[in-house]
$ cat data19.txt   # compact mmCIF, C-alpha atoms
# COMPACT_ATOMS: atom_id res chain seq x y z
CA ILE A 1 16.43 26.74 -11.77
CA ASP A 2 15.90 24.62 -8.68
CA LYS A 3 19.24 25.67 -7.16
CA SER A 4 18.68 29.38 -7.75
CA GLY A 5 17.65 31.61 -4.87
CA LEU A 6 14.44 32.76 -6.55
CA PRO A 7 11.05 32.34 -4.86
CA GLY A 8 9.01 29.31 -5.87
CA LYS A 9 6.45 31.20 -7.94
CA PHE A 10 9.26 32.80 -9.97
CA LYS A 11 10.63 29.33 -10.71
CA ALA A 12 7.17 28.19 -11.82
CA TRP A 13 6.93 31.22 -14.13
CA ILE A 14 10.33 30.39 -15.66
CA TYR A 15 9.12 26.86 -16.36
CA GLN A 16 5.91 28.04 -18.02
CA HIS A 17 7.42 30.74 -20.22
CA GLY A 18 11.02 29.59 -20.59
CA VAL A 19 11.56 25.88 -20.09
CA LEU A 20 8.34 24.55 -21.63
CA PRO A 21 8.73 26.26 -25.06
CA ARG A 22 12.36 25.13 -25.23
CA LEU A 23 11.40 21.55 -24.45
CA LEU A 24 8.72 21.41 -27.13
CA TRP A 25 11.15 22.19 -29.96
CA PRO A 26 13.36 19.06 -29.66
CA LEU A 27 10.29 16.97 -28.86
CA SER A 28 8.73 18.06 -32.14
CA VAL A 29 11.90 17.55 -34.20
CA TYR A 30 12.91 14.09 -33.00
CA GLU A 31 10.88 10.89 -32.75
CA VAL A 32 10.22 10.85 -29.01
CA PRO A 33 7.76 8.31 -27.57
CA THR A 34 4.88 9.51 -25.44
CA SER A 35 6.09 7.47 -22.47
CA THR A 36 9.31 9.51 -22.39
CA VAL A 37 7.32 12.75 -22.43
CA GLU A 38 5.14 11.52 -19.58
CA ALA A 39 8.25 10.65 -17.57
CA LEU A 40 9.58 14.17 -18.13
CA GLU A 41 6.25 15.64 -17.04
CA LYS A 42 6.37 13.54 -13.88
CA SER A 43 9.78 14.98 -12.99
CA ILE A 44 8.58 18.51 -13.77
CA SER A 45 5.54 18.03 -11.54
CA GLN A 46 7.78 17.08 -8.63
CA PHE A 47 9.70 20.34 -8.97
CA LEU A 48 6.52 22.41 -9.33
CA ARG A 49 5.08 20.91 -6.15
CA ARG A 50 8.28 21.71 -4.30
CA TRP A 51 8.43 25.27 -5.62
CA LEU A 52 4.80 26.00 -4.75
CA GLY A 53 5.04 24.31 -1.35
CA LEU A 54 2.50 21.61 -2.22
CA PRO A 55 2.56 18.06 -0.83
CA ARG A 56 4.05 15.26 -2.88
CA SER A 57 0.78 13.32 -2.71
CA LEU A 58 -1.04 15.99 -4.73
CA SER A 59 -2.02 14.74 -8.17
CA SER A 60 -0.46 16.44 -11.18
CA ILE A 61 -3.99 16.99 -12.50
CA ALA A 62 -4.32 19.73 -9.90
CA LEU A 63 -1.40 21.53 -11.55
CA TYR A 64 -2.43 21.28 -15.20
CA GLY A 65 -6.20 20.70 -15.21
CA HIS A 66 -8.43 23.19 -17.05
CA SER A 67 -11.86 21.94 -15.95
CA THR A 68 -11.04 21.81 -12.25
CA LYS A 69 -12.58 24.11 -9.67
CA LEU A 70 -9.18 25.76 -9.24
CA HIS A 71 -7.24 26.41 -12.43
CA LEU A 72 -3.55 27.25 -12.04
CA PRO A 73 -1.73 29.08 -14.88
CA LEU A 74 0.43 26.06 -15.72
CA SER A 75 0.53 23.83 -18.80
CA GLY A 76 1.35 20.15 -18.87
CA LEU A 77 4.16 18.90 -21.08
CA SER A 78 2.18 15.90 -22.34
CA GLU A 79 -0.76 18.05 -23.42
CA GLU A 80 1.42 20.57 -25.23
CA PHE A 81 3.37 17.74 -26.84
CA LYS A 82 0.20 16.17 -28.26
CA VAL A 83 -1.11 19.50 -29.52
CA THR A 84 2.25 20.36 -31.11
CA ARG A 85 2.55 17.03 -32.91
CA SER A 86 -1.06 17.25 -34.08
CA ARG A 87 -0.40 20.73 -35.42
CA GLU A 88 2.54 19.30 -37.33
CA VAL A 89 0.27 16.70 -38.94
CA LEU A 90 -2.13 19.41 -40.06
CA MET A 91 0.67 21.58 -41.42
CA TYR A 92 1.96 18.77 -43.64
CA ARG A 93 -1.48 17.61 -44.74
CA ASP A 94 -3.08 21.02 -45.39
CA SER A 95 -0.02 22.80 -46.77
CA ARG A 96 -0.54 25.05 -49.78
CA ASP A 97 2.61 23.62 -51.32
CA ILE A 98 1.63 20.62 -53.45
CA LYS A 99 5.06 19.06 -53.04
CA VAL A 100 4.70 19.07 -49.25
CA THR A 101 1.25 17.48 -49.29
CA ALA A 102 2.35 14.87 -51.85
CA ALA A 103 5.52 13.96 -49.94
CA GLY A 104 3.57 11.75 -47.53
CA ILE A 105 5.43 12.92 -44.42
CA LEU A 106 4.47 10.91 -41.34
CA VAL A 107 4.66 12.28 -37.82
CA LYS A 108 5.89 9.36 -35.74
CA THR A 109 5.16 9.23 -32.01
CA ARG A 110 5.43 5.47 -31.42
CA ARG A 111 2.50 3.24 -30.46
CA LYS A 112 1.06 4.59 -27.20
CA TRP A 113 -0.30 7.74 -28.82
CA GLN A 114 -0.29 8.52 -32.53
CA ALA A 115 -0.77 12.04 -33.82
CA GLN A 116 -2.50 11.01 -37.05
CA GLU A 117 -5.09 8.93 -35.21
CA ALA A 118 -5.67 11.75 -32.73
CA VAL A 119 -6.32 14.22 -35.56
CA THR A 120 -8.71 11.81 -37.28
CA LYS A 121 -10.59 11.18 -34.05
CA ALA A 122 -10.87 14.91 -33.36
CA GLU A 123 -12.26 15.53 -36.85
CA VAL A 124 -14.85 12.77 -36.40
CA ARG A 125 -16.01 14.28 -33.13
CA LEU A 126 -16.22 17.73 -34.68
CA ARG A 127 -18.31 16.42 -37.58
CA HIS A 128 -20.61 14.66 -35.14
CA LYS A 129 -20.94 17.87 -33.15
CA THR A 130 -21.93 19.66 -36.36
CA LEU A 131 -24.67 17.10 -37.00
CA VAL A 132 -26.00 17.45 -33.46
CA GLY A 133 -26.16 21.22 -33.84
CA SER A 134 -26.67 23.81 -31.12
CA VAL A 135 -27.98 22.56 -27.80
CA ALA A 136 -29.39 24.46 -24.86
CA THR A 137 -27.02 25.15 -21.96
CA GLY A 138 -28.76 25.50 -18.62
CA ARG A 139 -31.78 27.77 -18.77
CA ALA A 140 -30.46 29.70 -21.74
CA GLY A 141 -32.25 29.29 -25.04
CA PHE A 142 -30.92 28.10 -28.36
CA GLY A 143 -28.32 30.35 -29.92
CA CYS A 144 -27.31 32.11 -26.70
CA PHE A 145 -23.82 30.60 -26.87
CA PRO A 146 -22.85 30.54 -30.57
CA ARG A 147 -19.86 28.40 -31.45
CA PRO A 148 -17.91 28.10 -34.69
CA ARG A 149 -18.96 25.24 -36.93
CA TYR A 150 -16.36 22.84 -38.23
CA ASP A 151 -17.99 22.45 -41.65
CA LEU A 152 -17.87 26.22 -42.22
CA ALA A 153 -14.34 26.75 -40.89
CA HIS A 154 -11.31 26.87 -43.16
CA GLY A 155 -7.57 27.19 -42.85
CA LYS A 156 -6.29 28.46 -39.53
CA GLU A 157 -9.69 28.40 -37.84
CA ARG A 158 -10.23 24.74 -38.74
CA ARG A 159 -6.80 23.80 -37.41
CA ARG A 160 -7.55 25.66 -34.20
CA LEU A 161 -10.80 23.73 -33.74
CA ILE A 162 -8.98 20.43 -34.15
CA GLN A 163 -6.29 21.40 -31.66
CA ASP A 164 -8.91 22.56 -29.15
CA LYS A 165 -10.69 19.24 -29.50
CA ILE A 166 -7.45 17.36 -28.81
CA ARG A 167 -6.97 19.48 -25.69
CA ALA A 168 -10.53 18.65 -24.68
CA GLU A 169 -9.82 14.93 -25.03
CA VAL A 170 -6.77 15.25 -22.78
CA GLU A 171 -8.87 17.13 -20.25
CA GLU A 172 -11.54 14.42 -20.37
CA GLU A 173 -8.93 11.83 -19.43
CA ARG A 174 -7.81 14.01 -16.52
CA TYR A 175 -11.36 14.49 -15.29
CA THR A 176 -12.03 10.76 -15.49
CA LYS A 177 -8.94 9.98 -13.41
CA MET A 178 -9.77 12.67 -10.87
CA ALA A 179 -13.38 11.47 -10.54
CA GLY A 180 -12.02 8.08 -9.45
CA MET A 181 -10.14 9.62 -6.52
CA SER A 182 -12.25 9.63 -3.38
CA LYS A 183 -10.45 12.50 -1.64
CA GLN A 184 -8.67 14.67 -4.20
CA GLY A 185 -11.53 14.17 -6.66
CA ALA A 186 -14.28 15.18 -4.24
CA TRP A 187 -14.62 18.53 -6.04
CA THR A 188 -16.11 16.70 -9.05
CA ARG A 189 -19.24 16.19 -6.93
CA TRP A 190 -19.50 19.80 -5.82
CA GLU A 191 -22.64 21.47 -7.11
CA GLN A 192 -23.33 25.18 -7.44
CA VAL A 193 -19.64 25.98 -6.97
CA ASP A 194 -18.15 28.36 -9.50
CA PRO A 195 -14.65 27.51 -10.76
CA ARG A 196 -11.82 29.90 -10.04
CA ARG A 197 -9.00 30.72 -12.41
CA ILE A 198 -5.78 32.00 -10.86
CA THR A 199 -3.79 34.29 -13.13
CA TRP A 200 -0.11 35.11 -12.92
CA ALA A 201 -0.99 38.59 -11.69
CA GLU A 202 -2.86 37.07 -8.74
CA LEU A 203 -0.02 34.64 -8.14
CA TRP A 204 2.49 37.50 -7.92
CA LYS A 205 0.42 39.43 -5.38
CA ALA A 206 -0.68 36.50 -3.22
CA GLU A 207 1.39 35.19 -0.35
CA PRO A 208 2.89 31.72 -0.94
CA PHE A 209 1.04 30.23 2.03
CA ARG A 210 -2.26 31.57 0.73
CA ILE A 211 -1.89 29.78 -2.61
CA LYS A 212 -0.72 26.67 -0.81
CA PHE A 213 -3.73 26.69 1.51
CA LEU A 214 -6.12 27.34 -1.37
CA VAL A 215 -4.86 24.40 -3.44
CA GLN A 216 -4.71 22.03 -0.49
CA SER A 217 -8.22 22.92 0.65
CA VAL A 218 -9.74 22.31 -2.80
CA TYR A 219 -8.11 18.88 -3.16
CA ASP A 220 -8.43 17.91 0.52
CA VAL A 221 -4.73 17.44 1.23
CA LEU A 222 -4.59 19.77 4.23
CA PRO A 223 -3.06 18.31 7.41
CA SER A 224 -6.44 17.62 8.99
CA PRO A 225 -6.68 15.02 11.78
CA ALA A 226 -8.25 12.53 9.36
CA ASN A 227 -5.51 13.01 6.77
CA LEU A 228 -2.77 12.87 9.37
CA HIS A 229 -4.21 9.57 10.58
CA ILE A 230 -4.27 8.20 7.02
CA TRP A 231 -0.68 9.32 6.47
CA GLY A 232 0.40 7.60 9.69
CA LEU A 233 1.28 10.85 11.48
CA ALA A 234 -1.50 10.75 14.08
CA ASP A 235 -2.85 8.02 16.32
CA THR A 236 -6.51 8.99 15.96
CA PRO A 237 -8.55 10.79 13.27
CA GLU A 238 -10.64 12.63 15.88
CA CYS A 239 -10.58 16.40 16.18
CA LYS A 240 -9.41 17.70 19.56
CA LEU A 241 -11.98 20.51 19.51
CA CYS A 242 -15.23 18.75 18.57
CA GLN A 243 -14.23 15.14 19.36
CA LYS A 244 -15.49 14.08 15.92
CA ARG A 245 -13.68 12.87 12.84
CA GLY A 246 -11.44 15.73 11.79
CA LYS A 247 -12.18 16.46 8.15
CA LEU A 248 -11.48 19.46 5.94
CA GLU A 249 -13.76 21.70 8.01
CA SER A 250 -11.66 21.06 11.10
CA SER A 251 -8.50 22.32 9.39
CA ARG A 252 -10.22 25.46 8.15
CA GLY A 253 -11.76 26.09 11.54
CA GLY A 254 -8.45 25.63 13.29
CA ALA A 255 -6.74 27.94 10.81
$ encode --input "data19.txt" --output "structure tokens"
Amino acid sequence: IDKSGLPGKFKAWIYQHGVLPRLLWPLSVYEVPTSTVEALEKSISQFLRRWLGLPRSLSSIALYGHSTKLHLPLSGLSEEFKVTRSREVLMYRDSRDIKVTAAGILVKTRRKWQAQEAVTKAEVRLRHKTLVGSVATGRAGFGCFPRPRYDLAHGKERRRLIQDKIRAEVEEERYTKMAGMSKQGAWTRWEQVDPRRITWAELWKAEPFRIKFLVQSVYDVLPSPANLHIWGLADTPECKLCQKRGKLESSRGGA
């Protein structure tokens, strides 16, 4: 894919809809440790940054995050791997075939992350959420945002709730890591800023440099005077126009 003459966004689309599903099948069949999956995701992230014209210093959370201010239509291999293995645990445990449930099949994922423990933890959190009940969100009253209850769900709906909770736990880890980044995680402190979700239709129509500028501006990795000074590409962090420290606003003003 990398050596083909296709534009970068076409290569990213091939990864999302072609490469990722084909990778998940052998990862779900064989006993692959989570560290190996994370190493594969790291290599994939390098290619995605290159295809989309993004800097190498950009965190992979910007590519796969769901709770970020800018959501790209890409899925992380580690997240899909955990959801797939957890789904496998539920299929064996909740199968209608008595022989399958009594076989005691274990889904092995080594020690760093275990699918059975993840499913158990997700169920505990869902039961706790059921005990807490509905809570008010913002200025809306009780019951304005109804959500399915775990204790009333059965079959496919219950499995979907567990998988969504596992995705939420992965996203919590991403948000925690991003909040610890002073520059790329500055968006976590933005208030009254609505998140934006970029679809594939928007990605097809937009110019490559527009998407590149949008991502870099959200995560503060534009070549501003301050960033160039940090990267060792400029002698001073001062802006040549205002004679002050050149931050993100200087790059947008110069553009």
$ closest_residue --input "data19.txt" --among "A:Pro26, A:Gly53, A:Pro225, A:Pro195" --to "Ala12 in chain A" --atoms "only C-alpha atoms"
A:Gly53
$ residues_around --input "data19.txt" --residues "Leu48 in chain A" --least-positions-apart "6" --cutoff "12 Å" --atoms "only C-alpha atoms" --output "MDAnalysis selection string"
chainID A and resid 1:2 7:16 41:42 54:56 58:60 62:64 72:76 212
$ write_last_selection --input "data19.txt" --atoms "C-alpha atoms" --output "tab-separated table (two decimals), keeping the file's coordinate frame"
chain	number	residue	atom	x	y	z
A	1	ILE	CA	16.43	26.74	-11.77
A	2	ASP	CA	15.90	24.62	-8.68
A	7	PRO	CA	11.05	32.34	-4.86
A	8	GLY	CA	9.01	29.31	-5.87
A	9	LYS	CA	6.45	31.20	-7.94
A	10	PHE	CA	9.26	32.80	-9.97
A	11	LYS	CA	10.63	29.33	-10.71
A	12	ALA	CA	7.17	28.19	-11.82
A	13	TRP	CA	6.93	31.22	-14.13
A	14	ILE	CA	10.33	30.39	-15.66
A	15	TYR	CA	9.12	26.86	-16.36
A	16	GLN	CA	5.91	28.04	-18.02
A	41	GLU	CA	6.25	15.64	-17.04
A	42	LYS	CA	6.37	13.54	-13.88
A	54	LEU	CA	2.50	21.61	-2.22
A	55	PRO	CA	2.56	18.06	-0.83
A	56	ARG	CA	4.05	15.26	-2.88
A	58	LEU	CA	-1.04	15.99	-4.73
A	59	SER	CA	-2.02	14.74	-8.17
A	60	SER	CA	-0.46	16.44	-11.18
A	62	ALA	CA	-4.32	19.73	-9.90
A	63	LEU	CA	-1.40	21.53	-11.55
A	64	TYR	CA	-2.43	21.28	-15.20
A	72	LEU	CA	-3.55	27.25	-12.04
A	73	PRO	CA	-1.73	29.08	-14.88
A	74	LEU	CA	0.43	26.06	-15.72
A	75	SER	CA	0.53	23.83	-18.80
A	76	GLY	CA	1.35	20.15	-18.87
A	212	LYS	CA	-0.72	26.67	-0.81
$ atom_distance --input "data19.txt" --atom1 "CA of Gly65 in chain A" --atom2 "CA of Trp51 in chain A"
18.1 Å
$ closest_atom_pairs --input "data19.txt" --of "range 156-240 of chain A" --to "range 114-119 of chain A" --cutoff "10 Å" --atoms "all atoms listed in the file" --output "CSV"
residue,atom,partner,partner_atom,distance
A:Arg159,CA,A:Val119,CA,9.8
A:Ile162,CA,A:Val119,CA,6.9
A:Gln163,CA,A:Val119,CA,8.2
A:Lys165,CA,A:Val119,CA,9.0
A:Ile166,CA,A:Ala118,CA,7.1
A:Glu169,CA,A:Ala118,CA,9.3
$ atom_distance --input "data19.txt" --atom1 "CA of Ser134 in chain A" --atom2 "CA of Tyr150 in chain A"
12.6 Å
$ atom_distance --input "data19.txt" --atom1 "CA of Glu157 in chain A" --atom2 "CA of Tyr92 in chain A"
16.2 Å
$ closest_residue --input "data19.txt" --among "A:Val100, A:Leu228, A:Cys144, A:Ile61" --to "Arg49 in chain A" --atoms "all atoms listed in the file"
A:Ile61
$ closest_residue --input "data19.txt" --among "A:Gln192, A:Ser182, A:Thr130, A:Thr68" --to "Val215 in chain A" --atoms "all atoms listed in the file"
A:Thr68
$ closest_residue --input "data19.txt" --among "A:Phe81, A:Tyr219, A:Trp204, A:Tyr175" --to "Glu31 in chain A" --atoms "only C-alpha atoms"
A:Phe81
$ closest_residue --input "data19.txt" --among "A:His71, A:Arg50, A:Lys82, A:His17" --to "Thr34 in chain A" --atoms "all atoms listed in the file"
A:Lys82
$ residues_near_point --input "data19.txt" --point "(-4.9, 25.7, -44.1)" --cutoff "7 Å" --atoms "all atoms listed in the file" --output "PDB file with C-alpha atoms, in the coordinates of the input"
ATOM      1  CA  ASP A  94      -3.080  21.020 -45.390  1.00  0.00           C
ATOM      2  CA  SER A  95      -0.020  22.800 -46.770  1.00  0.00           C
ATOM      3  CA  HIS A 154     -11.310  26.870 -43.160  1.00  0.00           C
ATOM      4  CA  GLY A 155      -7.570  27.190 -42.850  1.00  0.00           C
ATOM      5  CA  LYS A 156      -6.290  28.460 -39.530  1.00  0.00           C
TER       6      LYS A 156
END
$ residues_around --input "data19.txt" --residues "Thr188 in chain A" --least-positions-apart "2" --cutoff "8 Å" --atoms "only C-alpha atoms" --output "JSON, numbers by chain"
{"A": [68, 178, 179, 185, 186, 190]}
$ closest_residue --input "data19.txt" --among "A:Glu202, A:Glu88, A:Asp235, A:Glu79" --to "Val170 in chain A" --atoms "all atoms listed in the file"
A:Glu79
